[in-house]
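Structure file input-v7.txt (compact mmCIF, C-alpha atoms) follows.
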# COMPACT_ATOMS: atom_id res chain seq x y z
CA ILE A 1 -67.47 51.30 -307.15
CA SER A 2 -64.31 49.64 -308.46
CA SER A 3 -62.16 49.83 -305.38
CA SER A 4 -60.69 47.88 -302.51
CA ILE A 5 -63.05 47.37 -299.53
CA ALA A 6 -61.79 45.62 -296.41
CA GLN A 7 -63.12 45.09 -292.92
CA ASN A 8 -60.94 45.08 -289.80
CA ASN A 9 -62.46 44.62 -286.34
CA GLY A 10 -65.84 45.86 -287.53
CA THR A 11 -64.45 49.00 -289.29
CA VAL A 12 -64.89 49.23 -293.07
CA TYR A 13 -62.08 50.78 -295.10
CA TRP A 14 -62.49 51.99 -298.70
CA GLU A 15 -59.32 52.43 -300.71
CA PRO A 16 -60.35 54.04 -304.06
CA PHE A 17 -58.37 53.31 -307.18
CA LEU A 18 -57.43 55.98 -309.71
CA ASN A 19 -60.47 57.21 -311.70
CA ASP A 20 -62.92 55.44 -309.36
CA THR A 21 -66.41 56.88 -309.52
CA PHE A 22 -69.21 56.71 -306.99
CA ASP A 23 -72.82 56.51 -308.14
CA ALA A 24 -74.96 58.16 -305.47
CA GLY A 25 -77.94 56.22 -306.77
CA SER A 26 -76.30 52.86 -306.02
CA PRO A 27 -75.91 52.40 -302.26
CA MET A 28 -72.80 50.63 -301.04
CA THR A 29 -73.45 47.53 -298.95
CA CYS A 30 -71.01 47.18 -296.08
CA PRO A 31 -70.24 43.85 -294.37
CA ALA A 32 -72.58 43.19 -291.47
CA ALA A 33 -71.21 43.50 -287.97
CA PRO A 34 -70.99 40.23 -286.04
CA ALA A 35 -74.22 39.39 -284.25
CA CYS A 36 -74.40 39.04 -280.50
CA LEU A 37 -75.85 36.06 -278.67
CA SER A 38 -79.05 36.15 -276.60
CA PRO A 39 -78.71 32.92 -274.62
CA VAL A 40 -81.77 30.99 -273.44
CA GLY A 41 -79.92 27.96 -272.01
CA GLY A 42 -78.22 24.88 -273.37
CA GLU A 43 -75.86 26.70 -275.73
CA VAL A 44 -72.37 25.35 -276.44
CA ILE A 45 -70.06 28.30 -277.15
CA SER A 46 -67.10 27.32 -279.33
CA THR A 47 -66.05 30.68 -280.78
CA SER A 48 -65.45 34.09 -279.22
CA THR A 49 -68.88 35.53 -278.44
CA VAL A 50 -70.45 38.81 -277.38
CA ILE A 51 -73.57 38.49 -275.24
CA CYS A 52 -76.39 40.83 -276.25
CA PRO A 53 -77.34 43.63 -273.84
CA GLY A 54 -80.14 42.99 -271.38
CA THR A 55 -81.19 40.27 -268.96
CA HIS A 56 -81.08 36.62 -270.03
CA GLN A 57 -83.04 34.07 -268.00
CA LEU A 58 -81.65 30.60 -268.73
CA SER A 59 -83.55 27.33 -268.69
CA ALA A 60 -80.24 25.41 -268.62
CA GLY A 61 -76.57 26.21 -268.33
CA ILE A 62 -74.12 27.37 -271.00
CA THR A 63 -71.15 25.13 -271.83
CA ILE A 64 -67.82 26.34 -273.17
CA GLY A 65 -66.85 24.06 -276.05
CA ALA A 66 -63.38 25.17 -277.16
CA SER A 67 -60.07 26.64 -276.04
CA ASN A 68 -58.75 30.11 -276.93
CA ILE A 69 -62.05 31.98 -276.92
CA THR A 70 -63.55 34.98 -275.11
CA VAL A 71 -67.08 35.46 -273.80
CA GLU A 72 -67.69 39.20 -273.48
CA CYS A 73 -70.90 40.13 -271.64
CA ASN A 74 -70.59 43.93 -271.65
CA ASN A 75 -72.40 43.95 -268.29
CA SER A 76 -75.40 42.00 -269.53
CA VAL A 77 -77.19 39.85 -266.92
CA ILE A 78 -77.26 36.04 -267.08
CA LYS A 79 -79.23 34.12 -264.45
CA ARG A 80 -81.17 30.97 -263.65
CA SER A 81 -83.77 30.04 -261.09
CA GLY A 82 -82.33 27.82 -258.38
CA ALA A 83 -80.20 24.74 -259.08
CA GLY A 84 -77.65 24.15 -261.82
CA THR A 85 -74.66 26.00 -263.25
CA LEU A 86 -74.57 29.11 -265.41
CA LEU A 87 -71.24 28.62 -267.24
CA THR A 88 -69.18 25.41 -267.35
CA VAL A 89 -65.56 25.28 -268.52
CA SER A 90 -64.37 21.66 -268.69
CA THR A 91 -60.83 20.69 -269.78
CA TYR A 92 -60.34 23.75 -272.02
CA THR A 93 -57.53 26.31 -271.91
CA ASN A 94 -57.25 30.07 -272.43
CA VAL A 95 -60.95 30.81 -272.08
CA THR A 96 -61.82 34.33 -270.92
CA ILE A 97 -65.19 35.17 -269.35
CA LYS A 98 -65.47 38.86 -268.58
CA ASN A 99 -67.79 41.72 -267.72
CA CYS A 100 -70.73 39.46 -266.88
CA VAL A 101 -73.41 39.97 -264.23
CA LEU A 102 -74.20 36.44 -263.05
CA SER A 103 -76.73 35.30 -260.44
CA ASN A 104 -79.20 32.75 -259.13
CA ALA A 105 -77.90 29.18 -259.56
CA SER A 106 -75.89 26.60 -257.62
CA TYR A 107 -72.66 27.63 -259.36
CA GLY A 108 -71.82 30.70 -261.41
CA ILE A 109 -68.67 29.49 -263.21
CA ASP A 110 -67.70 25.85 -262.80
CA THR A 111 -64.24 24.81 -264.01
CA ILE A 112 -63.50 21.09 -264.24
CA ALA A 113 -59.96 19.85 -264.99
CA ALA A 114 -59.36 23.11 -266.85
CA GLN A 115 -56.05 24.93 -267.26
CA ALA A 116 -55.11 28.61 -267.52
CA ASN A 117 -58.46 30.36 -267.96
CA TYR A 118 -59.41 33.93 -267.06
CA PHE A 119 -62.47 35.17 -265.16
CA ILE A 120 -62.29 38.94 -265.16
CA ASN A 121 -64.42 41.82 -263.93
CA ASN A 122 -67.60 39.85 -263.29
CA THR A 123 -70.29 40.58 -260.70
CA MET A 124 -71.55 37.36 -259.08
CA THR A 125 -74.34 37.05 -256.51
CA ASN A 126 -76.84 34.60 -255.06
CA PHE A 127 -75.19 31.25 -255.78
CA GLY A 128 -76.32 28.41 -253.56
CA THR A 129 -72.95 26.63 -253.49
CA ALA A 130 -70.23 28.85 -255.00
CA ALA A 131 -69.85 31.77 -257.37
CA ILE A 132 -66.69 30.16 -258.85
CA ARG A 133 -65.78 26.52 -258.35
CA LEU A 134 -62.33 25.19 -259.23
CA ASN A 135 -62.56 21.41 -259.50
CA ASN A 136 -59.10 19.99 -260.19
CA ALA A 137 -58.51 23.24 -262.06
CA LYS A 138 -55.05 24.75 -262.28
CA ASN A 139 -53.48 28.08 -263.23
CA GLN A 140 -56.79 29.95 -263.35
CA VAL A 141 -56.81 33.74 -263.05
CA ILE A 142 -59.72 35.19 -261.07
CA ASP A 143 -59.26 38.95 -261.24
CA GLY A 144 -61.29 42.06 -260.53
CA ASN A 145 -64.56 40.33 -259.67
CA ASN A 146 -67.18 41.45 -257.17
CA ILE A 147 -68.46 38.29 -255.45
CA SER A 148 -71.09 38.60 -252.73
CA SER A 149 -74.17 37.02 -251.15
CA ASP A 150 -73.22 33.45 -252.12
CA ARG A 151 -72.60 30.39 -249.96
CA TRP A 152 -68.91 30.35 -250.90
CA GLY A 153 -67.25 33.00 -253.02
CA VAL A 154 -64.40 30.99 -254.56
CA TYR A 155 -64.35 27.26 -253.85
CA GLY A 156 -61.34 25.12 -254.82
CA GLN A 157 -61.34 21.34 -254.46
CA GLY A 158 -59.60 18.24 -255.78
CA THR A 159 -56.01 19.50 -256.12
CA SER A 160 -56.85 22.85 -257.63
CA ASP A 161 -53.31 24.20 -257.57
CA ARG A 162 -51.40 27.29 -258.70
CA ASN A 163 -54.43 29.53 -259.13
CA ASN A 164 -54.24 33.32 -258.86
CA ILE A 165 -57.04 35.15 -257.07
CA THR A 166 -56.32 38.86 -257.42
CA ASN A 167 -57.98 42.25 -257.00
CA ASN A 168 -61.38 40.85 -256.05
CA ILE A 169 -63.99 41.92 -253.51
CA LEU A 170 -65.40 38.88 -251.66
CA SER A 171 -68.00 40.04 -249.16
CA ASN A 172 -71.19 39.11 -247.36
CA ASN A 173 -71.05 35.46 -248.40
CA TYR A 174 -73.00 33.35 -245.96
CA GLU A 175 -70.18 30.89 -245.27
CA TYR A 176 -66.73 31.59 -246.77
CA GLY A 177 -65.11 34.20 -248.94
CA VAL A 178 -62.47 31.74 -250.21
CA TYR A 179 -62.45 28.02 -249.42
CA PHE A 180 -59.80 25.56 -250.65
CA SER A 181 -59.65 21.84 -249.91
CA SER A 182 -56.61 19.69 -250.75
CA SER A 183 -55.17 22.43 -252.93
CA SER A 184 -51.70 23.96 -252.88
CA ASN A 185 -49.54 26.77 -254.25
CA ASN A 186 -52.43 29.15 -254.76
CA ARG A 187 -51.93 32.90 -254.42
CA LEU A 188 -54.34 35.50 -253.07
CA LEU A 189 -53.15 39.00 -253.93
CA ASN A 190 -54.68 42.40 -253.24
CA ASN A 191 -58.19 41.16 -252.42
CA THR A 192 -60.71 42.67 -250.03
CA ILE A 193 -62.37 39.86 -248.07
CA THR A 194 -64.89 41.04 -245.53
CA ALA A 195 -68.16 40.33 -243.73
CA ASN A 196 -68.33 36.65 -244.65
CA SER A 197 -70.39 34.75 -242.10
CA ILE A 198 -68.00 31.89 -241.11
CA ALA A 199 -64.51 32.77 -242.38
CA GLY A 200 -62.78 35.06 -244.80
CA VAL A 201 -60.26 32.48 -246.03
CA PHE A 202 -60.39 28.78 -245.12
CA ILE A 203 -57.87 26.24 -246.43
CA GLN A 204 -58.01 22.56 -245.48
CA ASN A 205 -55.22 20.06 -246.26
CA GLY A 206 -53.28 22.42 -248.49
CA ALA A 207 -49.69 23.66 -248.56
CA ASN A 208 -47.68 26.65 -249.77
CA ASN A 209 -50.66 28.92 -250.31
CA ALA A 210 -49.67 32.61 -250.21
CA LEU A 211 -51.64 35.68 -249.16
CA ASN A 212 -50.03 38.90 -250.34
CA TYR A 213 -51.28 42.46 -249.73
CA ASN A 214 -54.87 41.47 -248.94
CA ASN A 215 -57.31 43.34 -246.73
CA ILE A 216 -59.11 40.66 -244.69
CA TYR A 217 -61.33 41.97 -241.91
CA ASN A 218 -64.67 41.81 -240.14
CA ASN A 219 -65.10 38.05 -240.61
CA PRO A 220 -65.74 35.88 -237.49
CA VAL A 221 -62.54 34.04 -238.49
CA ASN A 222 -60.35 35.92 -240.93
CA LEU A 223 -57.82 33.14 -241.60
CA ASN A 224 -58.62 29.64 -240.40
CA ASN A 225 -55.08 28.44 -239.56
CA SER A 226 -51.41 28.95 -240.25
CA GLN A 227 -51.23 27.21 -243.63
CA PHE A 228 -50.31 30.47 -245.34
CA THR A 229 -47.34 32.56 -246.27
CA LEU A 230 -48.46 36.08 -245.36
CA VAL A 231 -46.94 39.17 -246.95
CA ASN A 232 -48.35 42.55 -245.88
CA ALA A 233 -51.81 41.06 -245.28
CA THR A 234 -54.15 42.67 -242.81
CA ASP A 235 -55.92 40.36 -240.39
CA ASN A 236 -58.11 42.38 -238.05

Represent the structure contained in this file as structure tokens.
Amino acid sequence: ISSSIAQNNGTVYWEPFLNDTFDAGSPMTCPAAPACLSPVGGEVISTSTVICPGTHQLSAGITIGASNITVECNNSVIKRSGAGTLLTVSTYTNVTIKNCVLSNASYGIDTIAAQANYFINNTMTNFGTAAIRLNNAKNQVIDGNNISSDRWGVYGQGTSDRNNITNNILSNNYEYGVYFSSSSNNRLLNNTITANSIAGVFIQNGANNALNYNNIYNNPVNLNNSQFTLVNATDN
């Protein structure tokens, strides 16, 4: 074939020139689609990556190694046995982790001094300390996740400020749904926080944290104190 062949987002386009001919006996080789990753533990992900379908049992955690990348799990399962962290984001910006099923470690996603990352539509269970830890992490977006059966659902510490926790279900965690220490100007919007064993939302030594349009109920303590600005939040 004497023609123009281009690939865009995995789709191959053939633009024939005038008088092009096609020899049926000579198969056309198309560019290969990008491979997915089957993690085993210890990987450093520095480019946008699709996780292969299935269940991936890690021997060690995965580290994010660059800004401006996306990890797309497509509902594949990533887990460990016991201690450690599944995914660590340290100092990087504009990292998206989405559509993952994460379980069985000390931490699911651990962000350390990171700025403006996105954790979207993940299912997170059975974490011995926290499903998501924000450690001096700012401007994170935690949206649309289902977080249950952990010690703490979302745990913010060390001046983790200006984070947005929106549209999540945080339930049946065996201490807290959301716990912030020494962190300010965080916003909880449109979350369902229920059936957590100690408290739905607990904030210690923080200021100007806002709860807007949340449904917080059936926790022994729904809100631990008055360090909140409440807008249309239920507290039953």

Neighbouring residues of Leu223 of chain A were defined as those with any atom within 7 Å, considering all atoms listed in the file; residues of the same chain fewer than 4 positions away were excluded. Please report them as an mmCIF file with C-alpha atoms, keeping the file's coordinate frame.
data_model
loop_
_atom_site.group_PDB
_atom_site.id
_atom_site.type_symbol
_atom_site.label_atom_id
_atom_site.label_comp_id
_atom_site.auth_asym_id
_atom_site.auth_seq_id
_atom_site.Cartn_x
_atom_site.Cartn_y
_atom_site.Cartn_z
ATOM 1 C CA ALA A 199 -64.510 32.770 -242.380
ATOM 2 C CA GLY A 200 -62.780 35.060 -244.800
ATOM 3 C CA VAL A 201 -60.260 32.480 -246.030
ATOM 4 C CA PHE A 202 -60.390 28.780 -245.120
#

Can you pull out the residues contacting segment 123-137 of chain A? Cut-off 7 Å, using only C-alpha atoms, and skip same-chain residues under 6 positions away; I want them as a PyMOL selection string.
chain A and resi 100-115+145-161

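Those residues that approach Gly65 of chain A to within 12 Å, counting only C-alpha atoms, are Gly42, Glu43, Val44, Ile45, Ser46, Thr47, Ser48, Thr49, Ile69, Thr70, Val71, Leu87, Thr88, Val89, Ser90, Thr91, Tyr92, Thr93, Asn94, Val95 and Ala114 of chain A; same-chain residues fewer than 4 positions away are not listed.
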
By how many Å are atom CA of Asn214 of chain A and atom CA of Leu189 of chain A apart?
5.8 Å

Can you list, as a ChimeraX atom specification, every protein, DNA or RNA residue that comes within 12 Å of Ile203 of chain A when you count only C-alpha atoms, leaving out same-chain residues fewer than 5 positions away?
/A:154-157,159-160,176-188,208-211,222-228

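Here the question is which of A:Ile120, A:Ile62, A:Ile51, A:Ile165 gets nearest to Gly144 of chain A using all atoms listed in the file, and that residue is A:Ile120.
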
Residues within 6 Å of Asn167 of chain A, please, as an MDAnalysis selection string. Count only C-alpha atoms; anything in the same chain fewer than 6 positions from it doesn't count.
chainID A and resid 143:144 190:191

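Minimum atom-to-atom distance to Asn212 of chain A, evaluated using all atoms listed in the file, belongs to A:Thr192 out of A:Thr192, A:Asn99, A:Asn139, A:Ser197.
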
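The space separating atom CA of Ser38 of chain A from atom CA of Leu58 of chain A comes to 10.0 Å.
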
Reconstructed segment 141-152 of chain A, atom set all heavy atoms, as an mmCIF file, in the frame of the given file:
data_model
loop_
_atom_site.group_PDB
_atom_site.id
_atom_site.type_symbol
_atom_site.label_atom_id
_atom_site.label_comp_id
_atom_site.auth_asym_id
_atom_site.auth_seq_id
_atom_site.Cartn_x
_atom_site.Cartn_y
_atom_site.Cartn_z
ATOM 1 N N VAL A 141 -56.935 32.364 -263.495
ATOM 2 C CA VAL A 141 -56.810 33.740 -263.050
ATOM 3 C C VAL A 141 -58.208 34.270 -262.766
ATOM 4 O O VAL A 141 -59.057 34.321 -263.660
ATOM 5 C CB VAL A 141 -56.103 34.618 -264.103
ATOM 6 C CG1 VAL A 141 -56.118 36.080 -263.673
ATOM 7 C CG2 VAL A 141 -54.676 34.132 -264.320
ATOM 8 N N ILE A 142 -58.440 34.633 -261.504
ATOM 9 C CA ILE A 142 -59.720 35.190 -261.070
ATOM 10 C C ILE A 142 -59.421 36.613 -260.625
ATOM 11 O O ILE A 142 -58.854 36.840 -259.557
ATOM 12 C CB ILE A 142 -60.318 34.346 -259.934
ATOM 13 C CG1 ILE A 142 -60.565 32.914 -260.416
ATOM 14 C CG2 ILE A 142 -61.602 34.969 -259.407
ATOM 15 C CD1 ILE A 142 -60.936 31.944 -259.311
ATOM 16 N N ASP A 143 -59.764 37.598 -261.448
ATOM 17 C CA ASP A 143 -59.260 38.950 -261.240
ATOM 18 C C ASP A 143 -60.367 39.996 -261.386
ATOM 19 O O ASP A 143 -61.133 39.974 -262.360
ATOM 20 C CB ASP A 143 -58.154 39.255 -262.250
ATOM 21 C CG ASP A 143 -57.562 40.642 -262.041
ATOM 22 O OD1 ASP A 143 -56.780 40.807 -261.103
ATOM 23 O OD2 ASP A 143 -57.911 41.549 -262.827
ATOM 24 N N GLY A 144 -60.436 40.895 -260.409
ATOM 25 C CA GLY A 144 -61.290 42.060 -260.530
ATOM 26 C C GLY A 144 -62.774 41.788 -260.420
ATOM 27 O O GLY A 144 -63.584 42.599 -260.884
ATOM 28 N N ASN A 145 -63.149 40.681 -259.791
ATOM 29 C CA ASN A 145 -64.560 40.330 -259.670
ATOM 30 C C ASN A 145 -65.143 40.857 -258.359
ATOM 31 O O ASN A 145 -64.434 41.005 -257.362
ATOM 32 C CB ASN A 145 -64.726 38.816 -259.728
ATOM 33 C CG ASN A 145 -64.164 38.229 -261.009
ATOM 34 O OD1 ASN A 145 -64.783 38.298 -262.051
ATOM 35 N ND2 ASN A 145 -62.960 37.667 -260.926
ATOM 36 N N ASN A 146 -66.444 41.094 -258.370
ATOM 37 C CA ASN A 146 -67.180 41.450 -257.170
ATOM 38 C C ASN A 146 -68.103 40.286 -256.839
ATOM 39 O O ASN A 146 -69.080 40.033 -257.556
ATOM 40 C CB ASN A 146 -67.971 42.738 -257.387
ATOM 41 C CG ASN A 146 -68.510 43.308 -256.086
ATOM 42 O OD1 ASN A 146 -68.753 42.583 -255.123
ATOM 43 N ND2 ASN A 146 -68.718 44.612 -256.052
ATOM 44 N N ILE A 147 -67.790 39.555 -255.775
ATOM 45 C CA ILE A 147 -68.460 38.290 -255.450
ATOM 46 C C ILE A 147 -69.086 38.429 -254.080
ATOM 47 O O ILE A 147 -68.381 38.592 -253.074
ATOM 48 C CB ILE A 147 -67.442 37.134 -255.488
ATOM 49 C CG1 ILE A 147 -66.851 36.994 -256.905
ATOM 50 C CG2 ILE A 147 -68.082 35.835 -255.037
ATOM 51 C CD1 ILE A 147 -65.717 35.987 -257.012
ATOM 52 N N SER A 148 -70.420 38.363 -254.009
ATOM 53 C CA SER A 148 -71.090 38.600 -252.730
ATOM 54 C C SER A 148 -72.408 37.829 -252.666
ATOM 55 O O SER A 148 -72.977 37.419 -253.691
ATOM 56 C CB SER A 148 -71.373 40.096 -252.546
ATOM 57 O OG SER A 148 -72.287 40.559 -253.516
ATOM 58 N N SER A 149 -72.858 37.622 -251.429
ATOM 59 C CA SER A 149 -74.170 37.020 -251.150
ATOM 60 C C SER A 149 -74.304 35.616 -251.739
ATOM 61 O O SER A 149 -75.376 35.219 -252.209
ATOM 62 C CB SER A 149 -75.294 37.924 -251.671
ATOM 63 O OG SER A 149 -75.217 39.205 -251.070
ATOM 64 N N ASP A 150 -73.221 34.851 -251.699
ATOM 65 C CA ASP A 150 -73.220 33.450 -252.120
ATOM 66 C C ASP A 150 -72.945 32.579 -250.893
ATOM 67 O O ASP A 150 -72.623 33.084 -249.818
ATOM 68 C CB ASP A 150 -72.128 33.217 -253.173
ATOM 69 C CG ASP A 150 -72.171 34.254 -254.276
ATOM 70 O OD1 ASP A 150 -73.186 34.307 -254.985
ATOM 71 O OD2 ASP A 150 -71.203 35.028 -254.414
ATOM 72 N N ARG A 151 -73.029 31.261 -251.056
ATOM 73 C CA ARG A 151 -72.600 30.390 -249.960
ATOM 74 C C ARG A 151 -71.084 30.508 -249.795
ATOM 75 O O ARG A 151 -70.587 30.855 -248.729
ATOM 76 C CB ARG A 151 -73.022 28.956 -250.209
ATOM 77 C CG ARG A 151 -72.639 28.011 -249.067
ATOM 78 C CD ARG A 151 -73.004 26.580 -249.371
ATOM 79 N NE ARG A 151 -72.556 25.676 -248.311
ATOM 80 C CZ ARG A 151 -72.549 24.354 -248.422
ATOM 81 N NH1 ARG A 151 -72.963 23.770 -249.530
ATOM 82 N NH2 ARG A 151 -72.108 23.611 -247.414
ATOM 83 N N TRP A 152 -70.357 30.172 -250.857
ATOM 84 C CA TRP A 152 -68.910 30.350 -250.900
ATOM 85 C C TRP A 152 -68.605 31.269 -252.083
ATOM 86 O O TRP A 152 -69.200 31.150 -253.150
ATOM 87 C CB TRP A 152 -68.177 29.019 -251.089
ATOM 88 C CG TRP A 152 -68.402 28.025 -249.977
ATOM 89 C CD1 TRP A 152 -68.676 28.307 -248.663
ATOM 90 C CD2 TRP A 152 -68.393 26.601 -250.083
ATOM 91 N NE1 TRP A 152 -68.816 27.140 -247.934
ATOM 92 C CE2 TRP A 152 -68.653 26.065 -248.791
ATOM 93 C CE3 TRP A 152 -68.189 25.714 -251.122
ATOM 94 C CZ2 TRP A 152 -68.709 24.713 -248.525
ATOM 95 C CZ3 TRP A 152 -68.247 24.345 -250.858
ATOM 96 C CH2 TRP A 152 -68.498 23.853 -249.574
#
